[in-house]
Amino acid sequence: MGTAMTKPETKKSGVGGKSSSAPAVKQDDNGSLEVGGPDPSPCCKAKVMRQTSKESLLHRRHAECEVYDDGTNTFFWRAHTLTVLFILTCALVYITLLEETPRDTAYNTKRGIVASILVFLCFGVTQAKDGPFTRPHPAYWRFWLCVSVVYELFLIFILFQTVHDGRQFMKYIDPKLGVPLPERDYGGNCLIYDPGNTSDPFHNVWDKMDGFVPAHFLGWYIKTLMIRDWWMCMIISVMFEFLEYSLEHQLPNFSECWWDHWIMDVLLCNSFGIYCGMKTLGWLSMKPYQWQGLWNIPTYKDKIKRIAFQFTPYSWVKFEWRPASSLRRWLAVLGIIFMFLLAELNTFYLKFVLWMPPEHYLVLLRLVYFVNVGGVAMREIYDFMDDPKFHKKLGQQAWLVSAITVTEFLIVVKYDPKTIMLPIPFFVMQCWFLGIFLIFIWTLWRFFIRDITLRYKETRRRRQEVRADLDRPAGDGSTAAPSGRSKLNGSSETLRQRKS
């Protein structure tokens with residue numbers, strides 16, 4: 001995580017305690033900085049530092065910690081474009097010349113699609129543009145960027161099919177799909193203690209202890225690492241429970257007991273996941289970021305520790321969303337919360353309209369996908385929102401995740417419009433209209449009425465000061481008209497105090 005930076009340090013010599021010049025800094029073809037080698041001349045050193053100062057300073061401005069990197073560029077970090085191209089060419093030559101093509105059309109179609117995806121992934125892993133994260137390896141994040149492109153293209157293909165053809169197409173992925181499946185009802189008997197069941201009066205609680213309990217905890221732990229803000233996580237957690245209340249007439253598995261919503265989900269699983277996530281964020285913000293090449297570390301214990309730290313961020317950036325600081329940031333935070341909630345709802349609605357059981361591996365793969373791309377997308381959104389002068393366009397992963405979320409929702413709308421258009425209960429509509437109205441009133445007051453009131457009070461105060469200067473008599477008893485300079489600097493008494 002983070003962009004590669006180096007911190008050239010001045011080292012004290014052993015004679016007289018005088019500081020020597022920083023080690024040489026150079027930048028290779030891949031954009032990484034290397035430290036080491038003989039000290040260049042002052043002119044050459046200034047030229048090298050001018051080439052790297054702009055990028056380094058811009059990235060250090062976002063970092064909350066000092067980063068030291070010795071600049072070791074091993075085989076693991078070098079680009080292997082020719083190697084990948086050679087292996088890919090050999091594989092294609094083998095399939096073309098030595099392997100006999102089967103006569104099964106369906107099998108050849110599946111294999112051709114898979115081969116096309118693999119070739120695209122090979123190209124993207126070696127040639128795609130790097131994102132903000134570099135650990136454990138930039139190629140890892142380039143791979144997930146290409147997976148985003150493939151997934152979006154798949155969703156576009158499903159969107160352009162008829163409802164019957166789209167559901168039956170899922171059989172090509174898994175023959176067990178394409179069959180309507182009943183949803184499980186999580187409501188029913190909501191008694192925590194059931195006196196009618198003498199053998200196990202708490203059977204309702206134990207029935208809810210399924211795989212979704214650790215999934216809730218782990219999901220919110222990872223979401224906290226993405227958002228990096230306690231308030232936003234709690235708001236999204238509570239808002240999603242309200243959405244389940246509001247949409248339980250559309251999806252049966254949204255119908256849960258009250259204690260399942262607020263005690264098991266919000267207070268226990270979600271809150272504990274957010275708490276552990278915030279503790280992890282605190283450790284990452286305090287952790288020293290000093291990177292050395294593996295062969296430069298003397299002991300095996302430190303080598304193993306260095307390998308483990310390879311899966312931690314390269315540097316740390318603290319997210320300060322500050323939604324109330326400006327109207328632009330306020331609207332951006334509202335948009336982030338809306339997209340998060342929409343992506344959460346798509347998880348349930350997609351498997352409902354495409355007839356996929358909750359335990360199917362495609363549902364799990366979608367969650368694994370969002371776990372890997374969500375952090376990159378949030379970092380790119382934060383950079384774009386926090387420093388639009390440097391980040392002039394939205395990041396590539398954030399753009400794809402937004403497009404994927406919208407495309408998933410469009411598939412839901414097309415494949416089952418009757419479920420989406422089921423009328424929401426009147427009292428639920430009243431609650432949502434009240435909440436939207438309060439948000440609108442607060443936005444109007446915070447960014448328009450309050451600012452206008454403050455500007456009016458400031459203008460009135462200045463006019464009163466000018467009027468007081470005009471009414472103050474001069475030494476000969478006449479009223480002295482203030483000069484242009486006194487109007488700018490304030491009253492003469494204030495000016496004398498300022499000079500003293």
# chains A, B, ... in the order shown; residues from 1 in each chain; ligands from 1

call {"tool": "select_by_dssp", "arguments": {"residues": "region 178-290 of chain A", "states": "helix (DSSP H, G or I)", "output": "ChimeraX atom specification"}}
result
/A:203-208,212-227,230-247,252-254,258-286

call {"tool": "residues_around", "arguments": {"residues": "region 88-104 of chain A", "least_positions_apart": "6", "cutoff": "12 Å", "atoms": "only C-alpha atoms", "output": "list in words"}}
result
Thr81, Leu82, Lys110, Arg111, Gly112, Ala115, Ser116, Leu118, Val119, Phe120, Leu121, Cys122 and Phe123 of chain A

call {"tool": "residues_around", "arguments": {"residues": "Lys176 (chain A)", "least_positions_apart": "2", "cutoff": "12 Å", "atoms": "only C-alpha atoms", "output": "ChimeraX atom specification"}}
result
/A:167-174,178-181,355-357,360-361

call {"tool": "closest_residue", "arguments": {"among": "A:Leu334, A:Val114, A:Leu281, A:Ala377", "to": "Ile235 (chain A)", "atoms": "only C-alpha atoms"}}
result
A:Leu334

call {"tool": "residues_around", "arguments": {"residues": "Val406 (chain A)", "least_positions_apart": "5", "cutoff": "9 Å", "atoms": "only C-alpha atoms", "output": "ChimeraX atom specification"}}
result
/A:339,342-343,401,411

call {"tool": "write_last_selection", "arguments": {"atoms": "all heavy atoms", "output": "CSV table (one decimal), in the first residue's frame"}}
result
chain,number,residue,atom,x,y,z
A,339,MET,N,-22.9,4.4,-2.4
A,339,MET,CA,-22.3,3.3,-3.2
A,339,MET,C,-22.0,2.1,-2.4
A,339,MET,O,-22.2,0.9,-2.8
A,339,MET,CB,-21.1,3.8,-3.9
A,339,MET,CG,-21.4,4.9,-5.0
A,339,MET,SD,-22.5,4.3,-6.3
A,339,MET,CE,-21.4,3.2,-7.1
A,342,LEU,N,-25.3,0.4,-1.8
A,342,LEU,CA,-25.8,-0.2,-3.0
A,342,LEU,C,-25.0,-1.5,-3.3
A,342,LEU,O,-25.6,-2.5,-3.7
A,342,LEU,CB,-25.7,0.8,-4.2
A,342,LEU,CG,-26.2,0.3,-5.5
A,342,LEU,CD1,-27.7,0.0,-5.4
A,342,LEU,CD2,-26.0,1.4,-6.6
A,343,ALA,N,-23.7,-1.5,-3.1
A,343,ALA,CA,-22.9,-2.7,-3.3
A,343,ALA,C,-23.3,-3.8,-2.3
A,343,ALA,O,-23.4,-5.0,-2.7
A,343,ALA,CB,-21.4,-2.4,-3.2
A,401,VAL,N,-14.9,0.0,-10.1
A,401,VAL,CA,-15.8,-0.5,-9.1
A,401,VAL,C,-17.1,0.2,-9.1
A,401,VAL,O,-18.2,-0.4,-8.9
A,401,VAL,CB,-15.1,-0.3,-7.7
A,401,VAL,CG1,-16.0,-0.6,-6.6
A,401,VAL,CG2,-13.9,-1.3,-7.6
A,411,ILE,N,-28.7,-4.9,-13.7
A,411,ILE,CA,-29.1,-6.3,-13.9
A,411,ILE,C,-30.3,-6.7,-13.0
A,411,ILE,O,-31.3,-7.4,-13.4
A,411,ILE,CB,-27.9,-7.2,-13.7
A,411,ILE,CG1,-26.9,-7.0,-14.8
A,411,ILE,CG2,-28.4,-8.7,-13.7
A,411,ILE,CD1,-25.6,-7.8,-14.6

call {"tool": "closest_residue", "arguments": {"among": "A:Lys279, A:Glu465, A:Asp200, A:Pro313", "to": "His137 (chain A)", "atoms": "only C-alpha atoms"}}
result
A:Pro313

call {"tool": "residues_around", "arguments": {"residues": "Asn204 (chain A)", "least_positions_apart": "3", "cutoff": "9 Å", "atoms": "only C-alpha atoms", "output": "ChimeraX atom specification"}}
result
/A:189-194,201,207-208

call {"tool": "write_last_selection", "arguments": {"atoms": "C-alpha atoms", "output": "mmCIF file, in the first residue's frame"}}
result
data_model
loop_
_atom_site.group_PDB
_atom_site.id
_atom_site.type_symbol
_atom_site.label_atom_id
_atom_site.label_comp_id
_atom_site.auth_asym_id
_atom_site.auth_seq_id
_atom_site.Cartn_x
_atom_site.Cartn_y
_atom_site.Cartn_z
ATOM 1 C CA ASN A 189 -40.250 -17.261 16.070
ATOM 2 C CA CYS A 190 -38.307 -14.340 17.598
ATOM 3 C CA LEU A 191 -38.415 -15.424 21.231
ATOM 4 C CA ILE A 192 -34.944 -15.370 22.764
ATOM 5 C CA TYR A 193 -36.145 -17.759 25.479
ATOM 6 C CA ASP A 194 -38.775 -20.226 24.273
ATOM 7 C CA PRO A 201 -35.271 -23.006 25.235
ATOM 8 C CA ASP A 207 -30.325 -21.351 14.918
ATOM 9 C CA LYS A 208 -29.034 -17.888 14.006
#

call {"tool": "closest_residue", "arguments": {"among": "A:Phe426, A:Tyr415, A:Tyr369, A:Trp445", "to": "Val149 (chain A)", "atoms": "only C-alpha atoms"}}
result
A:Tyr369

call {"tool": "residues_around", "arguments": {"residues": "Arg135 (chain A)", "least_positions_apart": "2", "cutoff": "9 Å", "atoms": "only C-alpha atoms", "output": "list in words"}}
result
Met1, Gly2, Phe133, His137, Pro138, Tyr140, Trp141, Gln310, Phe311, Thr312, Pro313 and Tyr314 of chain A

call {"tool": "write_last_selection", "arguments": {"atoms": "N, CA, C and O atoms", "output": "PDB file, in the first residue's frame"}}
result
ATOM      1  N   MET A   1       0.831  -1.180   0.000  1.00  0.00           N
ATOM      2  CA  MET A   1       0.000   0.000   0.000  1.00  0.00           C
ATOM      3  C   MET A   1       0.866   1.230   0.000  1.00  0.00           C
ATOM      4  O   MET A   1       1.873   1.305   0.657  1.00  0.00           O
ATOM      5  N   GLY A   2       0.424   2.261  -0.688  1.00  0.00           N
ATOM      6  CA  GLY A   2       1.218   3.461  -0.767  1.00  0.00           C
ATOM      7  C   GLY A   2       2.132   3.451  -1.960  1.00  0.00           C
ATOM      8  O   GLY A   2       2.397   2.447  -2.571  1.00  0.00           O
ATOM      9  N   PHE A 133      -1.127   1.131  -4.472  1.00  0.00           N
ATOM     10  CA  PHE A 133      -0.592   0.103  -3.588  1.00  0.00           C
ATOM     11  C   PHE A 133       0.562  -0.628  -4.271  1.00  0.00           C
ATOM     12  O   PHE A 133       0.508  -0.882  -5.482  1.00  0.00           O
ATOM     13  N   HIS A 137       3.028  -6.920  -3.928  1.00  0.00           N
ATOM     14  CA  HIS A 137       3.721  -6.732  -5.194  1.00  0.00           C
ATOM     15  C   HIS A 137       2.812  -5.943  -6.122  1.00  0.00           C
ATOM     16  O   HIS A 137       1.583  -6.156  -6.118  1.00  0.00           O
ATOM     17  N   PRO A 138       3.348  -5.013  -6.908  1.00  0.00           N
ATOM     18  CA  PRO A 138       2.480  -4.259  -7.836  1.00  0.00           C
ATOM     19  C   PRO A 138       1.737  -5.146  -8.824  1.00  0.00           C
ATOM     20  O   PRO A 138       0.618  -4.813  -9.233  1.00  0.00           O
ATOM     21  N   TYR A 140       0.336  -7.901  -8.254  1.00  0.00           N
ATOM     22  CA  TYR A 140      -0.877  -8.414  -7.603  1.00  0.00           C
ATOM     23  C   TYR A 140      -2.048  -7.466  -7.811  1.00  0.00           C
ATOM     24  O   TYR A 140      -3.166  -7.896  -8.134  1.00  0.00           O
ATOM     25  N   TRP A 141      -1.807  -6.180  -7.663  1.00  0.00           N
ATOM     26  CA  TRP A 141      -2.888  -5.205  -7.829  1.00  0.00           C
ATOM     27  C   TRP A 141      -3.205  -4.980  -9.301  1.00  0.00           C
ATOM     28  O   TRP A 141      -4.358  -4.669  -9.643  1.00  0.00           O
ATOM     29  N   GLN A 310       6.199  -7.936   4.290  1.00  0.00           N
ATOM     30  CA  GLN A 310       5.947  -7.682   2.871  1.00  0.00           C
ATOM     31  C   GLN A 310       4.449  -7.589   2.582  1.00  0.00           C
ATOM     32  O   GLN A 310       4.033  -6.950   1.607  1.00  0.00           O
ATOM     33  N   PHE A 311       3.632  -8.183   3.433  1.00  0.00           N
ATOM     34  CA  PHE A 311       2.179  -8.167   3.262  1.00  0.00           C
ATOM     35  C   PHE A 311       1.521  -7.064   4.077  1.00  0.00           C
ATOM     36  O   PHE A 311       0.304  -7.077   4.274  1.00  0.00           O
ATOM     37  N   THR A 312       2.299  -6.115   4.548  1.00  0.00           N
ATOM     38  CA  THR A 312       1.772  -4.920   5.205  1.00  0.00           C
ATOM     39  C   THR A 312       1.993  -3.716   4.290  1.00  0.00           C
ATOM     40  O   THR A 312       2.735  -3.816   3.308  1.00  0.00           O
ATOM     41  N   PRO A 313       1.363  -2.583   4.582  1.00  0.00           N
ATOM     42  CA  PRO A 313       1.516  -1.411   3.689  1.00  0.00           C
ATOM     43  C   PRO A 313       2.958  -0.943   3.596  1.00  0.00           C
ATOM     44  O   PRO A 313       3.752  -1.083   4.537  1.00  0.00           O
ATOM     45  N   TYR A 314       3.276  -0.354   2.440  1.00  0.00           N
ATOM     46  CA  TYR A 314       4.605   0.232   2.258  1.00  0.00           C
ATOM     47  C   TYR A 314       4.744   1.495   3.087  1.00  0.00           C
ATOM     48  O   TYR A 314       5.797   1.771   3.656  1.00  0.00           O
TER      49      TYR A 314
END

call {"tool": "atom_distance", "arguments": {"atom1": "CA of Leu177 (chain A)", "atom2": "CA of Leu400 (chain A)"}}
result
26.9 Å

call {"tool": "closest_residue", "arguments": {"among": "A:Leu410, A:Leu444, A:Leu267, A:Leu153", "to": "Tyr349 (chain A)", "atoms": "only C-alpha atoms"}}
result
A:Leu410
